[in-house]
file target09.cif (mmCIF, C-alpha atoms)
data_final
#
loop_
_atom_site.group_PDB
_atom_site.id
_atom_site.type_symbol
_atom_site.label_atom_id
_atom_site.label_comp_id
_atom_site.auth_asym_id
_atom_site.auth_seq_id
_atom_site.Cartn_x
_atom_site.Cartn_y
_atom_site.Cartn_z
ATOM 1 C CA MET A 1 14.727 -23.374 1.552
ATOM 2 C CA LYS A 2 12.231 -24.706 -0.970
ATOM 3 C CA LYS A 3 10.402 -26.573 1.797
ATOM 4 C CA HIS A 4 10.152 -23.391 3.847
ATOM 5 C CA LYS A 5 8.733 -21.470 0.871
ATOM 6 C CA LYS A 6 6.216 -24.249 0.237
ATOM 7 C CA ILE A 7 5.018 -24.160 3.864
ATOM 8 C CA SER A 8 4.709 -20.360 3.699
ATOM 9 C CA ALA A 9 2.691 -20.591 0.483
ATOM 10 C CA ILE A 10 0.347 -23.198 2.001
ATOM 11 C CA THR A 11 -0.074 -21.080 5.135
ATOM 12 C CA CYS A 12 -0.942 -17.992 3.085
ATOM 13 C CA LEU A 13 -3.394 -20.027 1.030
ATOM 14 C CA LEU A 14 -5.130 -21.370 4.144
ATOM 15 C CA LEU A 15 -5.329 -17.925 5.708
ATOM 16 C CA THR A 16 -6.772 -16.516 2.478
ATOM 17 C CA LEU A 17 -9.343 -19.322 2.398
ATOM 18 C CA VAL A 18 -10.369 -18.694 6.018
ATOM 19 C CA VAL A 19 -10.711 -14.942 5.482
ATOM 20 C CA THR A 20 -12.697 -15.527 2.280
ATOM 21 C CA ILE A 21 -15.141 -17.816 4.106
ATOM 22 C CA ILE A 22 -15.562 -15.287 6.914
ATOM 23 C CA VAL A 23 -16.228 -12.478 4.438
ATOM 24 C CA LEU A 24 -18.594 -14.440 2.190
ATOM 25 C CA TYR A 25 -20.575 -16.223 4.905
ATOM 26 C CA PRO A 26 -22.946 -13.286 5.651
ATOM 27 C CA PHE A 27 -23.775 -12.923 1.956
ATOM 28 C CA VAL A 28 -24.404 -16.660 1.615
ATOM 29 C CA TRP A 29 -26.680 -16.558 4.663
ATOM 30 C CA VAL A 30 -28.623 -13.594 3.266
ATOM 31 C CA LEU A 31 -29.121 -15.458 -0.022
ATOM 32 C CA SER A 32 -30.161 -18.590 1.837
ATOM 33 C CA THR A 33 -32.731 -16.678 3.910
ATOM 34 C CA ALA A 34 -34.039 -14.885 0.827
ATOM 35 C CA LEU A 35 -34.839 -18.245 -0.805
ATOM 36 C CA LYS A 36 -36.639 -19.813 2.195
ATOM 37 C CA ASN A 37 -40.364 -20.094 2.744
ATOM 38 C CA ASN A 38 -42.015 -18.723 5.888
ATOM 39 C CA THR A 39 -41.827 -22.068 7.702
ATOM 40 C CA GLU A 40 -38.112 -22.633 7.181
ATOM 41 C CA LEU A 41 -37.248 -19.178 8.542
ATOM 42 C CA PHE A 42 -37.706 -20.289 12.153
ATOM 43 C CA VAL A 43 -36.500 -23.891 11.950
ATOM 44 C CA PHE A 44 -33.901 -24.858 14.566
ATOM 45 C CA PRO A 45 -31.165 -25.671 13.935
ATOM 46 C CA PRO A 46 -31.110 -23.261 10.988
ATOM 47 C CA LYS A 47 -30.764 -24.738 7.517
ATOM 48 C CA MET A 48 -28.283 -23.189 5.131
ATOM 49 C CA ILE A 49 -29.802 -24.797 2.034
ATOM 50 C CA PRO A 50 -33.620 -24.534 1.790
ATOM 51 C CA ASP A 51 -35.604 -27.589 0.706
ATOM 52 C CA GLN A 52 -37.070 -25.634 -2.177
ATOM 53 C CA ALA A 53 -35.920 -22.228 -3.374
ATOM 54 C CA VAL A 54 -38.737 -19.657 -3.311
ATOM 55 C CA TRP A 55 -37.758 -17.193 -6.025
ATOM 56 C CA ARG A 56 -41.059 -15.382 -5.669
ATOM 57 C CA ASN A 57 -39.624 -13.714 -2.562
ATOM 58 C CA PHE A 58 -37.711 -11.374 -4.856
ATOM 59 C CA ILE A 59 -40.917 -10.353 -6.636
ATOM 60 C CA ASP A 60 -42.637 -9.740 -3.305
ATOM 61 C CA ALA A 61 -39.577 -7.846 -2.045
ATOM 62 C CA TRP A 62 -39.760 -5.511 -5.042
ATOM 63 C CA ARG A 63 -43.280 -4.597 -3.923
ATOM 64 C CA LEU A 64 -42.340 -3.986 -0.297
ATOM 65 C CA ILE A 65 -40.773 -0.618 -1.043
ATOM 66 C CA ASP A 66 -40.677 1.714 -4.026
ATOM 67 C CA PHE A 67 -37.352 0.505 -5.406
ATOM 68 C CA PRO A 68 -37.371 2.609 -8.613
ATOM 69 C CA ARG A 69 -37.870 5.803 -6.611
ATOM 70 C CA SER A 70 -35.373 4.781 -3.937
ATOM 71 C CA PHE A 71 -32.744 3.870 -6.531
ATOM 72 C CA PHE A 72 -33.325 7.188 -8.270
ATOM 73 C CA ASN A 73 -32.867 9.088 -4.989
ATOM 74 C CA SER A 74 -29.688 7.188 -4.152
ATOM 75 C CA PHE A 75 -28.204 7.836 -7.591
ATOM 76 C CA MET A 76 -29.151 11.514 -7.426
ATOM 77 C CA VAL A 77 -27.145 11.804 -4.212
ATOM 78 C CA SER A 78 -24.259 9.365 -4.738
ATOM 79 C CA VAL A 79 -23.231 10.304 -8.281
ATOM 80 C CA PRO A 80 -22.980 14.100 -7.730
ATOM 81 C CA THR A 81 -21.262 13.523 -4.381
ATOM 82 C CA ALA A 82 -18.636 11.308 -6.027
ATOM 83 C CA LEU A 83 -18.046 13.724 -8.915
ATOM 84 C CA LEU A 84 -17.864 16.800 -6.702
ATOM 85 C CA THR A 85 -15.491 15.072 -4.282
ATOM 86 C CA VAL A 86 -13.149 14.019 -7.094
ATOM 87 C CA VAL A 87 -13.056 17.562 -8.503
ATOM 88 C CA VAL A 88 -12.412 19.254 -5.144
ATOM 89 C CA CYS A 89 -9.869 16.675 -3.954
ATOM 90 C CA SER A 90 -7.914 16.619 -7.204
ATOM 91 C CA MET A 91 -7.619 20.413 -7.237
ATOM 92 C CA ALA A 92 -6.581 20.498 -3.570
ATOM 93 C CA ALA A 93 -4.056 17.702 -4.106
ATOM 94 C CA TYR A 94 -2.583 19.534 -7.106
ATOM 95 C CA ALA A 95 -2.140 22.685 -5.039
ATOM 96 C CA MET A 96 -0.424 20.750 -2.255
ATOM 97 C CA THR A 97 1.949 18.839 -4.509
ATOM 98 C CA ARG A 98 2.671 21.146 -7.453
ATOM 99 C CA MET A 99 2.270 24.703 -6.130
ATOM 100 C CA LYS A 100 4.718 26.137 -3.599
ATOM 101 C CA PHE A 101 3.113 28.230 -0.878
ATOM 102 C CA LYS A 102 3.753 28.981 2.765
ATOM 103 C CA TYR A 103 2.502 26.538 5.375
ATOM 104 C CA ALA A 104 1.611 23.894 2.771
ATOM 105 C CA THR A 105 2.532 21.104 5.187
ATOM 106 C CA ALA A 106 0.462 22.689 7.974
ATOM 107 C CA VAL A 107 -2.559 22.956 5.690
ATOM 108 C CA PHE A 108 -2.220 19.306 4.732
ATOM 109 C CA MET A 109 -1.972 18.242 8.388
ATOM 110 C CA ILE A 110 -5.121 20.228 9.196
ATOM 111 C CA TYR A 111 -6.825 18.383 6.335
ATOM 112 C CA LEU A 112 -5.805 15.053 7.819
ATOM 113 C CA SER A 113 -6.751 16.029 11.374
ATOM 114 C CA THR A 114 -10.373 16.544 10.348
ATOM 115 C CA MET A 115 -10.568 12.821 9.571
ATOM 116 C CA MET A 116 -10.402 12.163 13.320
ATOM 117 C CA ILE A 117 -13.657 14.034 14.027
ATOM 118 C CA PRO A 118 -16.354 11.400 14.740
ATOM 119 C CA MET A 119 -19.413 11.310 12.522
ATOM 120 C CA VAL A 120 -21.803 11.968 15.414
ATOM 121 C CA VAL A 121 -19.949 15.199 16.229
ATOM 122 C CA ARG A 122 -20.456 16.455 12.678
ATOM 123 C CA LEU A 123 -24.181 15.781 12.596
ATOM 124 C CA ILE A 124 -25.486 18.676 14.712
ATOM 125 C CA PRO A 125 -23.508 21.514 13.052
ATOM 126 C CA SER A 126 -24.216 20.011 9.620
ATOM 127 C CA PHE A 127 -27.924 19.805 10.433
ATOM 128 C CA ILE A 128 -27.985 23.435 11.629
ATOM 129 C CA LEU A 129 -26.201 24.633 8.486
ATOM 130 C CA VAL A 130 -28.453 22.690 6.135
ATOM 131 C CA LYS A 131 -31.589 23.819 7.955
ATOM 132 C CA ASN A 132 -30.543 27.495 7.961
ATOM 133 C CA MET A 133 -29.791 27.270 4.241
ATOM 134 C CA GLY A 134 -33.276 25.868 3.588
ATOM 135 C CA LEU A 135 -31.931 22.613 2.164
ATOM 136 C CA MET A 136 -33.841 20.110 4.289
ATOM 137 C CA ASN A 137 -35.491 17.362 2.222
ATOM 138 C CA THR A 138 -33.413 18.247 -0.847
ATOM 139 C CA TYR A 139 -30.717 16.426 -2.788
ATOM 140 C CA LEU A 140 -28.319 19.327 -2.293
ATOM 141 C CA GLY A 141 -28.825 19.107 1.464
ATOM 142 C CA LEU A 142 -27.576 15.521 1.311
ATOM 143 C CA ILE A 143 -24.800 16.066 -1.229
ATOM 144 C CA LEU A 144 -22.928 18.981 0.350
ATOM 145 C CA PRO A 145 -22.277 17.448 3.806
ATOM 146 C CA LEU A 146 -21.399 14.045 2.338
ATOM 147 C CA THR A 147 -18.922 15.740 0.008
ATOM 148 C CA ALA A 148 -17.388 17.796 2.820
ATOM 149 C CA TRP A 149 -16.915 14.675 4.952
ATOM 150 C CA SER A 150 -15.202 12.848 2.067
ATOM 151 C CA VAL A 151 -12.762 15.606 1.097
ATOM 152 C CA PRO A 152 -10.018 14.997 3.732
ATOM 153 C CA PHE A 153 -9.490 11.330 2.891
ATOM 154 C CA GLY A 154 -9.980 11.973 -0.808
ATOM 155 C CA THR A 155 -7.335 14.696 -0.850
ATOM 156 C CA PHE A 156 -4.898 12.412 0.943
ATOM 157 C CA LEU A 157 -5.543 9.595 -1.537
ATOM 158 C CA ILE A 158 -5.221 11.719 -4.680
ATOM 159 C CA ARG A 159 -2.146 13.463 -3.246
ATOM 160 C CA GLN A 160 -0.371 10.109 -3.127
ATOM 161 C CA PHE A 161 -1.026 9.575 -6.830
ATOM 162 C CA PHE A 162 0.202 13.072 -7.709
ATOM 163 C CA LEU A 163 3.407 12.569 -5.722
ATOM 164 C CA VAL A 164 4.319 9.554 -7.841
ATOM 165 C CA LEU A 165 4.295 11.629 -11.037
ATOM 166 C CA PRO A 166 7.715 13.180 -11.773
ATOM 167 C CA LYS A 167 7.844 16.939 -11.347
ATOM 168 C CA GLU A 168 9.848 17.145 -14.554
ATOM 169 C CA LEU A 169 6.511 16.934 -16.378
ATOM 170 C CA ASN A 170 5.478 20.228 -14.802
ATOM 171 C CA GLU A 171 8.813 21.847 -15.516
ATOM 172 C CA ALA A 172 8.686 20.843 -19.170
ATOM 173 C CA ALA A 173 5.167 22.236 -19.447
ATOM 174 C CA TYR A 174 6.250 25.515 -17.811
ATOM 175 C CA VAL A 175 8.993 25.880 -20.399
ATOM 176 C CA ASP A 176 6.359 25.510 -23.126
ATOM 177 C CA GLY A 177 4.302 28.272 -21.493
ATOM 178 C CA ALA A 178 1.534 26.126 -19.986
ATOM 179 C CA SER A 179 -0.481 27.494 -17.067
ATOM 180 C CA HIS A 180 -1.323 25.575 -13.892
ATOM 181 C CA PHE A 181 -4.805 24.884 -15.237
ATOM 182 C CA GLN A 182 -3.439 23.472 -18.499
ATOM 183 C CA ILE A 183 -0.929 21.296 -16.657
ATOM 184 C CA PHE A 184 -3.658 20.044 -14.342
ATOM 185 C CA ILE A 185 -6.077 19.190 -17.164
ATOM 186 C CA ARG A 186 -3.695 17.931 -19.849
ATOM 187 C CA ILE A 187 -0.898 16.275 -17.875
ATOM 188 C CA ILE A 188 -1.847 15.444 -14.293
ATOM 189 C CA LEU A 189 -5.413 14.200 -14.699
ATOM 190 C CA PRO A 190 -4.804 11.851 -17.683
ATOM 191 C CA ASN A 191 -1.981 10.160 -15.750
ATOM 192 C CA THR A 192 -4.029 9.605 -12.585
ATOM 193 C CA VAL A 193 -7.278 8.224 -14.010
ATOM 194 C CA PRO A 194 -7.151 5.007 -11.898
ATOM 195 C CA GLY A 195 -6.843 7.077 -8.738
ATOM 196 C CA MET A 196 -9.745 9.325 -9.724
ATOM 197 C CA ILE A 197 -11.975 6.365 -10.494
ATOM 198 C CA THR A 198 -10.958 4.614 -7.263
ATOM 199 C CA LEU A 199 -11.808 7.677 -5.184
ATOM 200 C CA GLY A 200 -15.054 8.273 -7.071
ATOM 201 C CA THR A 201 -16.125 4.670 -6.565
ATOM 202 C CA TYR A 202 -15.218 4.746 -2.877
ATOM 203 C CA VAL A 203 -17.207 7.949 -2.297
ATOM 204 C CA PHE A 204 -20.103 6.592 -4.338
ATOM 205 C CA LEU A 205 -20.261 3.484 -2.147
ATOM 206 C CA GLN A 206 -19.985 5.532 1.040
ATOM 207 C CA SER A 207 -22.822 7.802 -0.072
ATOM 208 C CA TRP A 208 -24.960 4.905 -1.301
ATOM 209 C CA ASN A 209 -24.614 3.046 2.011
ATOM 210 C CA ASN A 210 -24.977 6.089 4.275
ATOM 211 C CA LEU A 211 -27.990 5.808 6.545
ATOM 212 C CA LEU A 212 -27.310 8.250 9.369
ATOM 213 C CA TRP A 213 -27.261 11.528 7.441
ATOM 214 C CA PRO A 214 -30.413 10.852 5.347
ATOM 215 C CA LEU A 215 -32.127 9.846 8.586
ATOM 216 C CA VAL A 216 -31.303 13.281 10.019
ATOM 217 C CA ALA A 217 -31.849 15.428 6.926
ATOM 218 C CA LEU A 218 -34.996 13.835 5.483
ATOM 219 C CA ASN A 219 -38.564 13.414 6.689
ATOM 220 C CA LYS A 220 -40.306 12.996 3.340
ATOM 221 C CA GLU A 221 -40.760 9.390 2.299
ATOM 222 C CA SER A 222 -40.576 10.344 -1.382
ATOM 223 C CA MET A 223 -36.971 11.469 -0.804
ATOM 224 C CA TYR A 224 -35.822 8.270 0.905
ATOM 225 C CA PRO A 225 -32.703 6.647 -0.588
ATOM 226 C CA VAL A 226 -32.351 2.865 -0.615
ATOM 227 C CA THR A 227 -30.775 2.680 2.845
ATOM 228 C CA LEU A 228 -33.575 4.619 4.527
ATOM 229 C CA ALA A 229 -36.250 2.755 2.596
ATOM 230 C CA MET A 230 -34.718 -0.548 3.705
ATOM 231 C CA ALA A 231 -34.508 0.637 7.320
ATOM 232 C CA SER A 232 -38.213 1.453 7.268
ATOM 233 C CA LEU A 233 -38.961 -2.257 6.797
ATOM 234 C CA THR A 234 -37.484 -3.234 10.164
ATOM 235 C CA GLY A 235 -37.429 0.019 12.129
ATOM 236 C CA PRO A 236 -39.174 0.714 15.466
ATOM 237 C CA SER A 237 -42.246 2.052 13.670
ATOM 238 C CA VAL A 238 -42.968 -1.397 12.200
ATOM 239 C CA GLU A 239 -45.891 -2.930 14.086
ATOM 240 C CA PHE A 240 -45.544 -6.485 12.818
ATOM 241 C CA ILE A 241 -42.867 -9.122 12.453
ATOM 242 C CA PRO A 242 -41.188 -8.341 9.131
ATOM 243 C CA PRO A 243 -41.081 -11.080 6.487
ATOM 244 C CA TRP A 244 -37.371 -11.749 6.835
ATOM 245 C CA ASN A 245 -37.124 -13.759 3.647
ATOM 246 C CA GLN A 246 -38.496 -10.825 1.676
ATOM 247 C CA VAL A 247 -36.355 -8.357 3.619
ATOM 248 C CA MET A 248 -33.242 -10.358 2.731
ATOM 249 C CA ALA A 249 -34.351 -10.518 -0.888
ATOM 250 C CA ALA A 250 -34.792 -6.736 -0.842
ATOM 251 C CA THR A 251 -31.295 -6.437 0.622
ATOM 252 C CA LEU A 252 -29.830 -8.379 -2.286
ATOM 253 C CA ILE A 253 -31.722 -6.189 -4.744
ATOM 254 C CA SER A 254 -30.402 -3.051 -3.039
ATOM 255 C CA ILE A 255 -26.745 -4.100 -3.431
ATOM 256 C CA LEU A 256 -27.024 -5.002 -7.124
ATOM 257 C CA PRO A 257 -25.940 -1.537 -8.388
ATOM 258 C CA ILE A 258 -22.896 -1.641 -6.101
ATOM 259 C CA LEU A 259 -21.956 -5.117 -7.280
ATOM 260 C CA ILE A 260 -22.306 -4.179 -10.946
ATOM 261 C CA LEU A 261 -20.248 -1.018 -10.395
ATOM 262 C CA TYR A 262 -17.460 -2.964 -8.733
ATOM 263 C CA LEU A 263 -17.335 -5.591 -11.487
ATOM 264 C CA LEU A 264 -17.117 -2.882 -14.134
ATOM 265 C CA LEU A 265 -14.383 -0.871 -12.402
ATOM 266 C CA GLN A 266 -12.304 -3.486 -10.610
ATOM 267 C CA LYS A 267 -9.445 -3.209 -13.130
ATOM 268 C CA TYR A 268 -8.983 0.426 -12.118
ATOM 269 C CA PHE A 269 -8.705 -0.607 -8.460
ATOM 270 C CA ILE A 270 -5.863 -2.955 -9.380
ATOM 271 C CA GLN A 271 -4.135 -0.224 -11.388
ATOM 272 C CA SER A 272 -4.517 2.253 -8.533
ATOM 273 C CA VAL A 273 -2.788 -0.133 -6.125
ATOM 274 C CA ALA A 274 0.049 -0.616 -8.586
ATOM 275 C CA LEU A 275 0.504 3.104 -9.260
ATOM 276 C CA SER A 276 -0.178 4.756 -5.924
ATOM 277 C CA GLY A 277 3.159 4.129 -4.181
ATOM 278 C CA VAL A 278 4.002 5.286 -0.697
ATOM 279 C CA LYS A 279 5.926 8.468 -1.398
ATOM 280 C CA GLY A 280 5.060 11.250 1.063
#
call {"tool": "encode", "arguments": {"input": "target09.cif", "output": "structure tokens"}}
result
Amino acid sequence: MKKHKKISAITCLLLTLVVTIIVLYPFVWVLSTALKNNTELFVFPPKMIPDQAVWRNFIDAWRLIDFPRSFFNSFMVSVPTALLTVVVCSMAAYAMTRMKFKYATAVFMIYLSTMMIPMVVRLIPSFILVKNMGLMNTYLGLILPLTAWSVPFGTFLIRQFFLVLPKELNEAAYVDGASHFQIFIRIILPNTVPGMITLGTYVFLQSWNNLLWPLVALNKESMYPVTLAMASLTGPSVEFIPPWNQVMAATLISILPILILYLLLQKYFIQSVALSGVKG
């Protein structure tokens, strides 16, 4: 029995190691390319470790695009989208788990069914709506569709956290004369902070990394988020071979905010996994 457990543990460890290598390899290759000089970029067979690290590539990469402006645009879209999604989803999840109304299950299933609509199908109606509302080339024109697309999954996620909380908390609050709003603010939200932060972080990352919708909704370069600014370095309009070492350095710079955010909030991800449960 002990031998069997030991073999299982070794197998799990090896599988974890293999998956870790597969996941980390692209990032290692990007870092390696970012530190190469122009000659080493096209050496065959490719070299993982450059002869001499060229750190100046990061300085040159910073000058390739307007990073301060692009970061500002990305934050102005991603942060409000995350906050608005958390507010809407938490209120919808509360209604579906704590308020009794007819066809509650049907409404929830309709919510989930919208997750199956492909992104490309949403683009044209979203574009028409944003254009008719006069929101092209605006932050609000980016925020509203991104929020709407995130609501179905976000409601499902927050609903799972709310289901774990005992309904006796609501009943006790009702006895004390609390309203639904008071219960929501004072009881439900404080007990589901990890879930809120997990959803907010997920939506933030989705909005930060979204390229397709900004590509459709923007045509002013001053409004470009990081993803669109990065795409302009290697897009079809580029008339020269891009400096791939500087492009890779710019890529690493662009993911720094995401990496810092994850390191700061990773404890909440762990708590959310521990608290979410599978109750339906």
call {"tool": "resolve_selection", "arguments": {"input": "target09.cif", "expression": "the PyMOL selection byres ((chain A and resi 86) around 8)", "output": "PyMOL selection string"}}
result
chain A and resi 82-85+87-90+154+196+199-200
call {"tool": "closest_residue", "arguments": {"input": "target09.cif", "among": "A:Val226, A:Met119, A:Leu189, A:Ile21", "to": "Ala148 in chain A", "atoms": "all atoms listed in the file"}}
result
A:Met119
call {"tool": "closest_residue", "arguments": {"input": "target09.cif", "among": "A:Arg63, A:Thr105, A:Ser32, A:Asn210", "to": "Asp51 in chain A", "atoms": "all atoms listed in the file"}}
result
A:Ser32
call {"tool": "atom_distance", "arguments": {"input": "target09.cif", "atom1": "CA of Ala92 in chain A", "atom2": "CA of Met133 in chain A"}}
result
25.4 Å
call {"tool": "atom_distance", "arguments": {"input": "target09.cif", "atom1": "CA of Leu24 in chain A", "atom2": "CA of Ile65 in chain A"}}
result
26.3 Å
call {"tool": "resolve_selection", "arguments": {"input": "target09.cif", "expression": "the PyMOL selection byres ((chain A and resi 79) around 10)", "output": "list in words"}}
result
Ser74, Phe75, Met76, Val77, Ser78, Pro80, Thr81, Ala82, Leu83, Leu84, Thr85, Ile143, Gly200, Thr201, Val203, Phe204, Leu205, Ser207 and Trp208 of chain A
call {"tool": "resolve_selection", "arguments": {"input": "target09.cif", "expression": "the PyMOL selection byres ((chain A and resi 165) around 12)", "output": "list in words"}}
result
Tyr94, Thr97, Arg98, Ile158, Arg159, Gln160, Phe161, Phe162, Leu163, Val164, Pro166, Lys167, Glu168, Leu169, Asn170, Ile187, Ile188, Leu189, Pro190, Asn191, Thr192, Leu275, Ser276, Gly277 and Lys279 of chain A
call {"tool": "closest_residue", "arguments": {"input": "target09.cif", "among": "A:Ala61, A:Leu123, A:Ile255, A:Val175", "to": "Pro243 in chain A", "atoms": "all atoms listed in the file"}}
result
A:Ala61
call {"tool": "residues_around", "arguments": {"input": "target09.cif", "residues": "Lys220 in chain A", "least_positions_apart": "4", "cutoff": "12 Å", "atoms": "only C-alpha atoms", "output": "NGL selection string"}}
result
:A and (73 or 136-139 or 214-216 or 224-225 or 228-229)
call {"tool": "closest_residue", "arguments": {"input": "target09.cif", "among": "A:Trp149, A:Phe101, A:Leu265, A:Leu35", "to": "Val121 in chain A", "atoms": "all atoms listed in the file"}}
result
A:Trp149
call {"tool": "axis_aligned_box", "arguments": {"input": "target09.cif", "around": "range 155-161 of chain A", "padding_each_side": "3 Å", "output": "lines of an AutoDock Vina configuration file"}}
result
center_x = -3.9
center_y = 12.1
center_z = -2.9
size_x = 13.0
size_y = 11.1
size_z = 13.8
call {"tool": "atom_distance", "arguments": {"input": "target09.cif", "atom1": "CA of Met96 in chain A", "atom2": "CA of Thr155 in chain A"}}
result
9.3 Å
call {"tool": "residues_around", "arguments": {"input": "target09.cif", "residues": "Leu41 in chain A", "least_positions_apart": "3", "cutoff": "10 Å", "atoms": "all atoms listed in the file", "output": "JSON, numbers by chain"}}
result
{"A": [32, 33, 34, 35, 36, 37, 38, 44, 46, 47, 50, 243, 244, 245]}
call {"tool": "write_last_selection", "arguments": {"input": "target09.cif", "atoms": "C-alpha atoms", "output": "compact mmCIF listing (two decimals), in the coordinates of the input"}}
result
# COMPACT_ATOMS: atom_id res chain seq x y z
CA SER A 32 -30.16 -18.59 1.84
CA THR A 33 -32.73 -16.68 3.91
CA ALA A 34 -34.04 -14.88 0.83
CA LEU A 35 -34.84 -18.24 -0.80
CA LYS A 36 -36.64 -19.81 2.19
CA ASN A 37 -40.36 -20.09 2.74
CA ASN A 38 -42.02 -18.72 5.89
CA PHE A 44 -33.90 -24.86 14.57
CA PRO A 46 -31.11 -23.26 10.99
CA LYS A 47 -30.76 -24.74 7.52
CA PRO A 50 -33.62 -24.53 1.79
CA PRO A 243 -41.08 -11.08 6.49
CA TRP A 244 -37.37 -11.75 6.84
CA ASN A 245 -37.12 -13.76 3.65
call {"tool": "closest_residue", "arguments": {"input": "target09.cif", "among": "A:Phe67, A:Phe72, A:Phe181, A:Tyr111", "to": "Ser254 in chain A", "atoms": "all atoms listed in the file"}}
result
A:Phe67
call {"tool": "closest_residue", "arguments": {"input": "target09.cif", "among": "A:Gly141, A:Leu64, A:Ala53, A:Leu17", "to": "Pro242 in chain A", "atoms": "all atoms listed in the file"}}
result
A:Leu64
call {"tool": "build_atoms", "arguments": {"input": "target09.cif", "residues": "range 127-139 of chain A", "atoms": "N, CA, C and O atoms", "output": "mmCIF file, in the frame of the given file"}}
result
data_model
loop_
_atom_site.group_PDB
_atom_site.id
_atom_site.type_symbol
_atom_site.label_atom_id
_atom_site.label_comp_id
_atom_site.auth_asym_id
_atom_site.auth_seq_id
_atom_site.Cartn_x
_atom_site.Cartn_y
_atom_site.Cartn_z
ATOM 1 N N PHE A 127 -26.461 19.654 10.445
ATOM 2 C CA PHE A 127 -27.924 19.805 10.433
ATOM 3 C C PHE A 127 -28.327 21.272 10.548
ATOM 4 O O PHE A 127 -29.215 21.745 9.825
ATOM 5 N N ILE A 128 -27.658 22.019 11.445
ATOM 6 C CA ILE A 128 -27.985 23.435 11.629
ATOM 7 C C ILE A 128 -27.699 24.223 10.356
ATOM 8 O O ILE A 128 -28.504 25.061 9.920
ATOM 9 N N LEU A 129 -26.547 23.937 9.724
ATOM 10 C CA LEU A 129 -26.201 24.633 8.486
ATOM 11 C C LEU A 129 -27.206 24.341 7.375
ATOM 12 O O LEU A 129 -27.687 25.253 6.692
ATOM 13 N N VAL A 130 -27.521 23.073 7.205
ATOM 14 C CA VAL A 130 -28.453 22.690 6.135
ATOM 15 C C VAL A 130 -29.838 23.277 6.380
ATOM 16 O O VAL A 130 -30.500 23.763 5.459
ATOM 17 N N LYS A 131 -30.268 23.257 7.626
ATOM 18 C CA LYS A 131 -31.589 23.819 7.955
ATOM 19 C C LYS A 131 -31.630 25.319 7.722
ATOM 20 O O LYS A 131 -32.591 25.853 7.159
ATOM 21 N N ASN A 132 -30.581 26.041 8.145
ATOM 22 C CA ASN A 132 -30.543 27.495 7.961
ATOM 23 C C ASN A 132 -30.447 27.882 6.494
ATOM 24 O O ASN A 132 -30.864 28.980 6.106
ATOM 25 N N MET A 133 -29.895 27.005 5.682
ATOM 26 C CA MET A 133 -29.791 27.270 4.241
ATOM 27 C C MET A 133 -31.063 26.859 3.498
ATOM 28 O O MET A 133 -31.154 27.054 2.285
ATOM 29 N N GLY A 134 -32.023 26.283 4.210
ATOM 30 C CA GLY A 134 -33.276 25.868 3.588
ATOM 31 C C GLY A 134 -33.141 24.665 2.682
ATOM 32 O O GLY A 134 -33.867 24.548 1.690
ATOM 33 N N LEU A 135 -32.213 23.766 3.031
ATOM 34 C CA LEU A 135 -31.931 22.613 2.164
ATOM 35 C C LEU A 135 -32.429 21.298 2.743
ATOM 36 O O LEU A 135 -32.040 20.235 2.260
ATOM 37 N N MET A 136 -33.273 21.341 3.766
ATOM 38 C CA MET A 136 -33.841 20.110 4.289
ATOM 39 C C MET A 136 -34.729 19.455 3.231
ATOM 40 O O MET A 136 -35.426 20.136 2.478
ATOM 41 N N ASN A 137 -34.694 18.125 3.187
ATOM 42 C CA ASN A 137 -35.491 17.362 2.222
ATOM 43 C C ASN A 137 -35.148 17.724 0.776
ATOM 44 O O ASN A 137 -36.029 17.789 -0.090
ATOM 45 N N THR A 138 -33.869 17.986 0.520
ATOM 46 C CA THR A 138 -33.413 18.247 -0.847
ATOM 47 C C THR A 138 -32.177 17.402 -1.127
ATOM 48 O O THR A 138 -31.462 16.990 -0.205
ATOM 49 N N TYR A 139 -31.919 17.169 -2.409
ATOM 50 C CA TYR A 139 -30.717 16.426 -2.788
ATOM 51 C C TYR A 139 -29.459 17.195 -2.404
ATOM 52 O O TYR A 139 -28.482 16.614 -1.936
#
